[in-house]
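Undergrad: Quick one: this structure, given as structure tokens, is what I'll be asking you about.
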Amino acid sequence: MQPKLIIHGGAGSSLKSKGGIQAVRQDLHGIVQDVYDRLAAGASATEAVILGCQLLEDNPRFNAGTGSVLQSDGQIRMSASLMDGAAQRFSGVINVARVQHPIDLAAYLQQEQDHVLSDYGSAELARLLGCPVYDPATDLRLQEWLEERSGNFTREMAGVVAEGEPIASEAGRGTIGVVALDQEGRLAAGTSTGGKGFERMGRVSDSAMPAGNYANPQAGISCTGIGEDIIDECLAAKIVIRVTDGLSLAQAFERSLTEAQQNQRDLGAIGLDRTGAIAWGKTSEILLAAYHTGARIDDTLEWVNQGLVGTA
Ligand code: GLY
């Protein structure tokens with residue numbers, strides 16, 4: 001089977017500078033190429049998803065791992081999940097701190113009896129596995145938090161896309177995600193986030209729920225956007241189940257994104273199905289996604305005012 005791959009680095013409201021677009025494009029395309037090379041060399045869908053999430057978590061441009069936004073109390077707490085579509089098994093960590101790759105903890109939990117851990121349990125697991133203590137904060141995220149603090153917390157969310165140059169004016173929709181189809185026809189999906197930024201302590205992200213990350217043998221989906229909106233739509237699981245019940249991936253996206261728009265949600269999603277179809281959708285203005293069709297790499301960075309759903 002021809003492997004397929006799609007990744008995202010969040011959704012947002014604007015791409016202001018062409019230089020910014022090119023920088024994001026270069027980063028996303030580079031990661032797509034690296035991960036696709038592994039798939040082409042025989043890596044499993046779950047291995048590809050884990051690698052893609054690690055690379056995106058390491059990139060300070062995106063709101064996951066290094067470069068995560070700070071919560072209302074000035075701390076970084078991250079959430080991540082992995083879904084092995086072939087096994088139809090979900091695992092994840094919620095509000096974990098001081099680790100470099102939250103996705104690694106989610107991956108470890110695939111083989112455990114307990115599949116989802118919250119903050120305290122995630123910290124214990126990181127200690128058990130000997131994960132080095134790691135500070136994912138960047139100067140930019142700290143500056144954003146300090147600015148907000150001096151403004152008496154008037155902003156609802158953090159800017160989560162730009163590192164260095166202002167390519168997004170405001171967001172809070174940052175997340176990273178990867179969906180892969182391997183040579184054996186197996187699907188997997190992974191999603192990781194620093195959250196919404198300035199959120200209340202203990203707030204739980206969609207990224208470590210089946211609402212934000214879901215896969216089965218038929219389809220795999222990773223979401224980005226406002227977590228509360230994604231949870232209310234139960235978006236990832238809804239799209240996957242619609243494909244399982246007979247809709248094409250494009251039809252499942254179209255129906256689900258139309259409902260989300262009617263409900264005034266602010267979100268985006270990427271996905272693959274078992275036939276190799278690639279689709280994405282958004283109610284936000286931009287979606288920072290890139291994909292490999294097996295023949296070429298392309299992206300959605302300039303895909304604006306073209307409807308709710310795109311396919312490749
Ligand atoms: N979608 C990421 C979050 O809201 O936490």
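Scheme for the structure tokens: letters A, B, ... for chains in order shown; per-chain residue numbers from 1; ligand numbers from 1 in order shown.
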Got a sec to check which residues lie within 8 Å of ligand 1, using only C-alpha atoms and all ligand atoms, and send them as a list in words?

TA: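 With only C-alpha atoms and all ligand atoms and a cut-off of 8 Å, ligand 1 is contacted by Ser79, Gly172, Arg173, Gly174, Thr175, Thr193, Gly194, Gly195, Lys196, Val204, Ser205, Asp206, Ser207, Gly212, Cys223, Thr224, Gly225, Ile226, Gly227, Glu228, Ile230 and Leu267 of chain A.
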
Undergrad: If you count only C-alpha atoms, which residues fall within 10 Å of Ala215 in chain A, apart from same-chain ones fewer than 6 positions away, as a list in words?

TA: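 Final neighbour list, sorted by chain and number: Leu82, Met83, Asp84, Gly85, Ala86, Ala87, Gln88, Arg89, Phe90, Val179, Arg186, Leu187, Ala188, Ala189, Gly190, Ile221, Ser222, Ala236, Ala237, Ile239, Val240, Ile241, Gly271, Leu272 and Asp273 of chain A.
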
Undergrad: For the residues in that selection, give me N, CA and C atoms as a PDB file, in the first residue's frame.

TA:
```
ATOM      1  N   LEU A  82      -2.231   9.345  21.669  1.00  0.00           N
ATOM      2  CA  LEU A  82      -1.897   8.515  20.512  1.00  0.00           C
ATOM      3  C   LEU A  82      -3.028   7.530  20.322  1.00  0.00           C
ATOM      4  N   MET A  83      -3.481   7.367  19.090  1.00  0.00           N
ATOM      5  CA  MET A  83      -4.491   6.331  18.822  1.00  0.00           C
ATOM      6  C   MET A  83      -3.972   5.431  17.714  1.00  0.00           C
ATOM      7  N   ASP A  84      -3.811   4.155  18.059  1.00  0.00           N
ATOM      8  CA  ASP A  84      -3.449   3.125  17.095  1.00  0.00           C
ATOM      9  C   ASP A  84      -4.760   2.652  16.451  1.00  0.00           C
ATOM     10  N   GLY A  85      -4.950   3.011  15.178  1.00  0.00           N
ATOM     11  CA  GLY A  85      -6.220   2.705  14.523  1.00  0.00           C
ATOM     12  C   GLY A  85      -6.441   1.228  14.331  1.00  0.00           C
ATOM     13  N   ALA A  86      -5.367   0.479  14.009  1.00  0.00           N
ATOM     14  CA  ALA A  86      -5.506  -0.967  13.769  1.00  0.00           C
ATOM     15  C   ALA A  86      -5.969  -1.671  15.038  1.00  0.00           C
ATOM     16  N   ALA A  87      -5.393  -1.301  16.162  1.00  0.00           N
ATOM     17  CA  ALA A  87      -5.787  -1.890  17.451  1.00  0.00           C
ATOM     18  C   ALA A  87      -7.004  -1.178  18.033  1.00  0.00           C
ATOM     19  N   GLN A  88      -7.358  -0.038  17.468  1.00  0.00           N
ATOM     20  CA  GLN A  88      -8.398   0.856  17.989  1.00  0.00           C
ATOM     21  C   GLN A  88      -8.179   1.098  19.481  1.00  0.00           C
ATOM     22  N   ARG A  89      -6.951   1.575  19.780  1.00  0.00           N
ATOM     23  CA  ARG A  89      -6.582   1.787  21.179  1.00  0.00           C
ATOM     24  C   ARG A  89      -6.088   3.223  21.359  1.00  0.00           C
ATOM     25  N   PHE A  90      -6.694   3.900  22.346  1.00  0.00           N
ATOM     26  CA  PHE A  90      -6.375   5.306  22.666  1.00  0.00           C
ATOM     27  C   PHE A  90      -5.539   5.342  23.945  1.00  0.00           C
ATOM     28  N   VAL A 179      -1.334  12.313  11.273  1.00  0.00           N
ATOM     29  CA  VAL A 179      -2.106  11.115  10.919  1.00  0.00           C
ATOM     30  C   VAL A 179      -1.340  10.385   9.817  1.00  0.00           C
ATOM     31  N   ARG A 186      -2.349   0.253   7.831  1.00  0.00           N
ATOM     32  CA  ARG A 186      -2.750   0.616   9.197  1.00  0.00           C
ATOM     33  C   ARG A 186      -2.718   2.127   9.365  1.00  0.00           C
ATOM     34  N   LEU A 187      -3.696   2.620  10.136  1.00  0.00           N
ATOM     35  CA  LEU A 187      -3.802   4.060  10.417  1.00  0.00           C
ATOM     36  C   LEU A 187      -3.436   4.356  11.865  1.00  0.00           C
ATOM     37  N   ALA A 188      -2.909   5.550  12.108  1.00  0.00           N
ATOM     38  CA  ALA A 188      -2.698   6.021  13.484  1.00  0.00           C
ATOM     39  C   ALA A 188      -2.814   7.535  13.492  1.00  0.00           C
ATOM     40  N   ALA A 189      -3.163   8.067  14.661  1.00  0.00           N
ATOM     41  CA  ALA A 189      -3.284   9.523  14.828  1.00  0.00           C
ATOM     42  C   ALA A 189      -2.671   9.926  16.162  1.00  0.00           C
ATOM     43  N   GLY A 190      -1.987  11.068  16.160  1.00  0.00           N
ATOM     44  CA  GLY A 190      -1.419  11.608  17.395  1.00  0.00           C
ATOM     45  C   GLY A 190      -1.626  13.109  17.456  1.00  0.00           C
ATOM     46  N   ILE A 221      -8.103  10.835  12.584  1.00  0.00           N
ATOM     47  CA  ILE A 221      -8.328  12.284  12.603  1.00  0.00           C
ATOM     48  C   ILE A 221      -7.564  12.913  13.764  1.00  0.00           C
ATOM     49  N   SER A 222      -6.947  14.081  13.509  1.00  0.00           N
ATOM     50  CA  SER A 222      -6.368  14.915  14.562  1.00  0.00           C
ATOM     51  C   SER A 222      -6.960  16.317  14.432  1.00  0.00           C
ATOM     52  N   ALA A 236     -13.275  14.568  16.227  1.00  0.00           N
ATOM     53  CA  ALA A 236     -12.459  13.487  15.642  1.00  0.00           C
ATOM     54  C   ALA A 236     -13.245  12.177  15.613  1.00  0.00           C
ATOM     55  N   ALA A 237     -13.844  11.823  16.725  1.00  0.00           N
ATOM     56  CA  ALA A 237     -14.600  10.567  16.774  1.00  0.00           C
ATOM     57  C   ALA A 237     -15.788  10.613  15.816  1.00  0.00           C
ATOM     58  N   ILE A 239     -16.122  12.242  12.915  1.00  0.00           N
ATOM     59  CA  ILE A 239     -15.711  12.044  11.516  1.00  0.00           C
ATOM     60  C   ILE A 239     -15.352  10.581  11.269  1.00  0.00           C
ATOM     61  N   VAL A 240     -14.603   9.990  12.198  1.00  0.00           N
ATOM     62  CA  VAL A 240     -14.191   8.584  12.021  1.00  0.00           C
ATOM     63  C   VAL A 240     -15.423   7.671  11.973  1.00  0.00           C
ATOM     64  N   ILE A 241     -16.369   7.914  12.828  1.00  0.00           N
ATOM     65  CA  ILE A 241     -17.560   7.045  12.867  1.00  0.00           C
ATOM     66  C   ILE A 241     -18.399   7.224  11.607  1.00  0.00           C
ATOM     67  N   GLY A 271      -7.167  14.534   8.281  1.00  0.00           N
ATOM     68  CA  GLY A 271      -7.476  13.107   8.359  1.00  0.00           C
ATOM     69  C   GLY A 271      -7.081  12.321   7.128  1.00  0.00           C
ATOM     70  N   LEU A 272      -7.031  11.014   7.319  1.00  0.00           N
ATOM     71  CA  LEU A 272      -6.795  10.036   6.257  1.00  0.00           C
ATOM     72  C   LEU A 272      -7.809   8.917   6.418  1.00  0.00           C
ATOM     73  N   ASP A 273      -8.099   8.208   5.309  1.00  0.00           N
ATOM     74  CA  ASP A 273      -8.866   6.971   5.470  1.00  0.00           C
ATOM     75  C   ASP A 273      -8.067   5.787   4.942  1.00  0.00           C
TER      76      ASP A 273
END
```

Undergrad: Report, in Å with one decimal, the straight-line distance from CA of Asp298 in chain A to CA of Ala269 in chain A.

TA: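 Those two atoms sit 16.2 Å apart.
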
Undergrad: Near range 244-261 of chain A, within 10 Å and counting only C-alpha atoms, which residues show up once chain neighbours fewer than 4 positions away are dropped, as number ranges by chain?

TA: A: 216-220, 229-230, 232-236, 238-240, 265-284, 307-312

Undergrad: Between A:Leu129, A:Ala11, A:Val69, A:Leu39, which is the closest to Trp145 in chain A once you count only C-alpha atoms?

TA: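 Nearest candidate to Trp145 in chain A out of A:Leu129, A:Ala11, A:Val69, A:Leu39: A:Val69.
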
Undergrad: Near His101 in chain A, within 7 Å and counting only C-alpha atoms, which residues show up once chain neighbours fewer than 3 positions away are dropped, as a PyMOL selection string?

TA: chain A and resi 54+57+65+104

Undergrad: Those residues you just picked out, can you put them in a file as a PDB file, in the first residue's frame with all heavy atoms?

TA:
```pdb
ATOM      1  N   GLN A  54       7.027  14.078  17.837  1.00  0.00           N
ATOM      2  CA  GLN A  54       8.275  14.507  18.510  1.00  0.00           C
ATOM      3  C   GLN A  54       8.897  15.693  17.772  1.00  0.00           C
ATOM      4  O   GLN A  54       9.327  16.668  18.401  1.00  0.00           O
ATOM      5  CB  GLN A  54       9.277  13.350  18.544  1.00  0.00           C
ATOM      6  CG  GLN A  54       8.908  12.231  19.485  1.00  0.00           C
ATOM      7  CD  GLN A  54       9.800  11.002  19.283  1.00  0.00           C
ATOM      8  OE1 GLN A  54      10.445  10.838  18.244  1.00  0.00           O
ATOM      9  NE2 GLN A  54       9.817  10.121  20.271  1.00  0.00           N
ATOM     10  N   GLU A  57       6.794  18.712  18.376  1.00  0.00           N
ATOM     11  CA  GLU A  57       6.951  19.162  19.766  1.00  0.00           C
ATOM     12  C   GLU A  57       8.285  19.890  19.959  1.00  0.00           C
ATOM     13  O   GLU A  57       8.384  20.798  20.795  1.00  0.00           O
ATOM     14  CB  GLU A  57       6.872  17.960  20.717  1.00  0.00           C
ATOM     15  CG  GLU A  57       5.463  17.412  20.890  1.00  0.00           C
ATOM     16  CD  GLU A  57       5.400  16.132  21.734  1.00  0.00           C
ATOM     17  OE1 GLU A  57       6.449  15.466  21.903  1.00  0.00           O
ATOM     18  OE2 GLU A  57       4.306  15.784  22.197  1.00  0.00           O
ATOM     19  N   GLY A  65       5.003  20.753  23.356  1.00  0.00           N
ATOM     20  CA  GLY A  65       6.390  20.538  23.767  1.00  0.00           C
ATOM     21  C   GLY A  65       7.088  21.885  23.919  1.00  0.00           C
ATOM     22  O   GLY A  65       6.541  22.831  24.495  1.00  0.00           O
ATOM     23  N   ASP A 104       5.662  10.722  23.968  1.00  0.00           N
ATOM     24  CA  ASP A 104       6.341   9.484  24.369  1.00  0.00           C
ATOM     25  C   ASP A 104       5.615   8.811  25.524  1.00  0.00           C
ATOM     26  O   ASP A 104       5.560   7.576  25.606  1.00  0.00           O
ATOM     27  CB  ASP A 104       7.786   9.778  24.788  1.00  0.00           C
ATOM     28  CG  ASP A 104       8.671  10.134  23.604  1.00  0.00           C
ATOM     29  OD1 ASP A 104       8.213  10.011  22.447  1.00  0.00           O
ATOM     30  OD2 ASP A 104       9.827  10.544  23.847  1.00  0.00           O
TER      31      ASP A 104
END
```

Undergrad: I need the residue nearest Gly92 in chain A from this list: A:Leu28, A:Ala290, A:Ala208, A:Leu125. Use only C-alpha atoms for the distance.

TA: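 Answer, going by the shortest atom-to-atom distance: A:Ala208.
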
Undergrad: Would you kindly return, as a list in words, each protein, DNA or RNA residue with an atom no farther than 12 Å from any atom of Gly74 in chain A, considering only C-alpha atoms and excluding same-chain residues fewer than 5 positions away?

TA: Ser68, Val69, Ala137, Arg141, Leu142, Gln143, Glu144, Trp145, Leu146, Glu147, Glu148, Arg149, Phe153, Ala158, Gly197, Phe198, Glu199, Arg200 and Met201 of chain A

Undergrad: Output C-alpha atoms of each residue in that selection to a file, as an mmCIF file, in the first residue's frame.

TA:
```cif
data_model
loop_
_atom_site.group_PDB
_atom_site.id
_atom_site.type_symbol
_atom_site.label_atom_id
_atom_site.label_comp_id
_atom_site.auth_asym_id
_atom_site.auth_seq_id
_atom_site.Cartn_x
_atom_site.Cartn_y
_atom_site.Cartn_z
ATOM 1 C CA SER A 68 4.067 25.566 24.690
ATOM 2 C CA VAL A 69 1.976 28.431 26.014
ATOM 3 C CA ALA A 137 9.410 27.402 27.995
ATOM 4 C CA ARG A 141 5.992 32.444 25.470
ATOM 5 C CA LEU A 142 7.313 33.947 28.692
ATOM 6 C CA GLN A 143 7.076 37.449 27.189
ATOM 7 C CA GLU A 144 3.476 36.817 26.096
ATOM 8 C CA TRP A 145 2.566 35.706 29.580
ATOM 9 C CA LEU A 146 4.333 38.652 31.226
ATOM 10 C CA GLU A 147 2.615 41.100 28.860
ATOM 11 C CA GLU A 148 -0.712 39.595 29.705
ATOM 12 C CA ARG A 149 0.039 39.679 33.387
ATOM 13 C CA PHE A 153 -5.211 39.029 32.319
ATOM 14 C CA ALA A 158 -2.279 33.177 23.974
ATOM 15 C CA GLY A 197 -2.894 29.555 27.025
ATOM 16 C CA PHE A 198 -3.881 31.469 30.199
ATOM 17 C CA GLU A 199 -6.353 28.744 31.050
ATOM 18 C CA ARG A 200 -7.517 27.926 34.540
ATOM 19 C CA MET A 201 -5.399 25.339 36.365
#
```

Undergrad: Check the DSSP output for the backbone and give back, as a tab-separated table (two decimals) with C-alpha atoms, in the first residue's frame, the residues of range 144-260 of chain A in helix (DSSP H, G or I).

TA:
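After the write, result-v7.tsv holds the following:
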```
chain	number	residue	atom	x	y	z
A	144	GLU	CA	3.48	36.82	26.10
A	145	TRP	CA	2.57	35.71	29.58
A	146	LEU	CA	4.33	38.65	31.23
A	147	GLU	CA	2.61	41.10	28.86
A	148	GLU	CA	-0.71	39.59	29.70
A	149	ARG	CA	0.04	39.68	33.39
A	150	SER	CA	0.80	43.40	33.20
A	206	ASP	CA	-9.41	18.01	23.78
A	207	SER	CA	-6.00	16.81	22.55
A	208	ALA	CA	-5.98	13.99	25.07
A	227	GLY	CA	-10.60	22.62	22.77
A	228	GLU	CA	-14.01	23.37	24.22
A	229	ASP	CA	-15.46	23.70	20.69
A	230	ILE	CA	-13.83	20.43	19.59
A	231	ILE	CA	-15.17	18.61	22.65
A	232	ASP	CA	-18.68	19.97	22.11
A	233	GLU	CA	-18.60	18.68	18.50
A	235	LEU	CA	-15.14	16.15	16.16
A	236	ALA	CA	-12.46	13.49	15.64
A	237	ALA	CA	-14.60	10.57	16.77
A	238	LYS	CA	-17.59	11.90	14.82
A	239	ILE	CA	-15.71	12.04	11.52
A	240	VAL	CA	-14.19	8.58	12.02
A	241	ILE	CA	-17.56	7.04	12.87
A	242	ARG	CA	-19.20	8.65	9.83
A	243	VAL	CA	-16.54	7.07	7.62
A	244	THR	CA	-17.05	3.73	9.38
A	249	LEU	CA	-13.79	10.87	4.13
A	250	ALA	CA	-14.65	14.05	2.20
A	251	GLN	CA	-18.38	13.62	2.93
A	252	ALA	CA	-17.72	12.96	6.61
A	253	PHE	CA	-15.59	16.12	6.82
A	254	GLU	CA	-18.17	18.17	4.91
A	255	ARG	CA	-21.06	17.13	7.15
A	256	SER	CA	-19.10	17.50	10.39
A	257	LEU	CA	-17.52	20.86	9.52
A	258	THR	CA	-20.88	22.22	8.34
A	259	GLU	CA	-22.36	21.32	11.72
A	260	ALA	CA	-19.38	22.91	13.48
```

Undergrad: Need the shell around range 117-119 of chain A: protein/DNA/RNA residues with any atom at most 10 Å away, counting only C-alpha atoms. Skip same-chain ones fewer than 5 positions apart. Format as a VMD selection string?

TA: chain A and resid 77 to 79 91 to 97 105 to 106 109 124 to 125 202 204 208

Undergrad: Run DSSP on the backbone and tell me which residues of range 16-152 of chain A come out as strand (DSSP E); list them as a list of chain:residue names.

TA: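 Strand (DSSP E) assignments inside range 16-152 of chain A correspond to A:Met78, A:Ser79, A:Ala80, A:Ser81, A:Leu82, A:Met83, A:Asp84, A:Arg89, A:Phe90, A:Ser91, A:Gly92, A:Val93, A:Ile94, A:Asn95, A:Val96, A:Val116, A:Leu117.
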
Undergrad: Please determine, counting only C-alpha atoms, which residue among A:Ala64, A:Leu5, A:Ile50, A:Ile76 has the shortest atom-to-atom distance to Gln33 in chain A.

TA: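 For Gln33 in chain A, the nearest of the candidates is A:Leu5.
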
Undergrad: Compare A:Lys4, A:Arg98, A:Asn59, A:Met209 by their minimum atom-to-atom distance to Ala23 in chain A, counting only C-alpha atoms, and give me the closest one.

TA: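 Nearest candidate to Ala23 in chain A out of A:Lys4, A:Arg98, A:Asn59, A:Met209: A:Asn59.
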
Undergrad: Set the distance at 12 Å and use only C-alpha atoms: which residues neighbour Leu128 in chain A once local chain neighbours fewer than 5 positions away are removed? I'd like the list as an mmCIF file with N, CA and C atoms, in the first residue's frame.

TA:
```
data_model
loop_
_atom_site.group_PDB
_atom_site.id
_atom_site.type_symbol
_atom_site.label_atom_id
_atom_site.label_comp_id
_atom_site.auth_asym_id
_atom_site.auth_seq_id
_atom_site.Cartn_x
_atom_site.Cartn_y
_atom_site.Cartn_z
ATOM 1 N N LEU A 105 5.074 9.616 26.436
ATOM 2 C CA LEU A 105 4.337 9.037 27.568
ATOM 3 C C LEU A 105 3.037 8.409 27.070
ATOM 4 N N TYR A 108 3.917 5.125 25.471
ATOM 5 C CA TYR A 108 4.207 4.079 26.471
ATOM 6 C C TYR A 108 2.912 3.480 27.014
ATOM 7 N N GLY A 121 -0.335 11.431 37.908
ATOM 8 C CA GLY A 121 0.069 10.125 37.383
ATOM 9 C C GLY A 121 1.072 10.249 36.248
ATOM 10 N N SER A 122 0.918 11.285 35.416
ATOM 11 C CA SER A 122 1.860 11.510 34.319
ATOM 12 C C SER A 122 3.239 11.840 34.865
ATOM 13 N N ALA A 123 3.282 12.647 35.923
ATOM 14 C CA ALA A 123 4.570 12.998 36.534
ATOM 15 C C ALA A 123 5.237 11.755 37.115
#
```
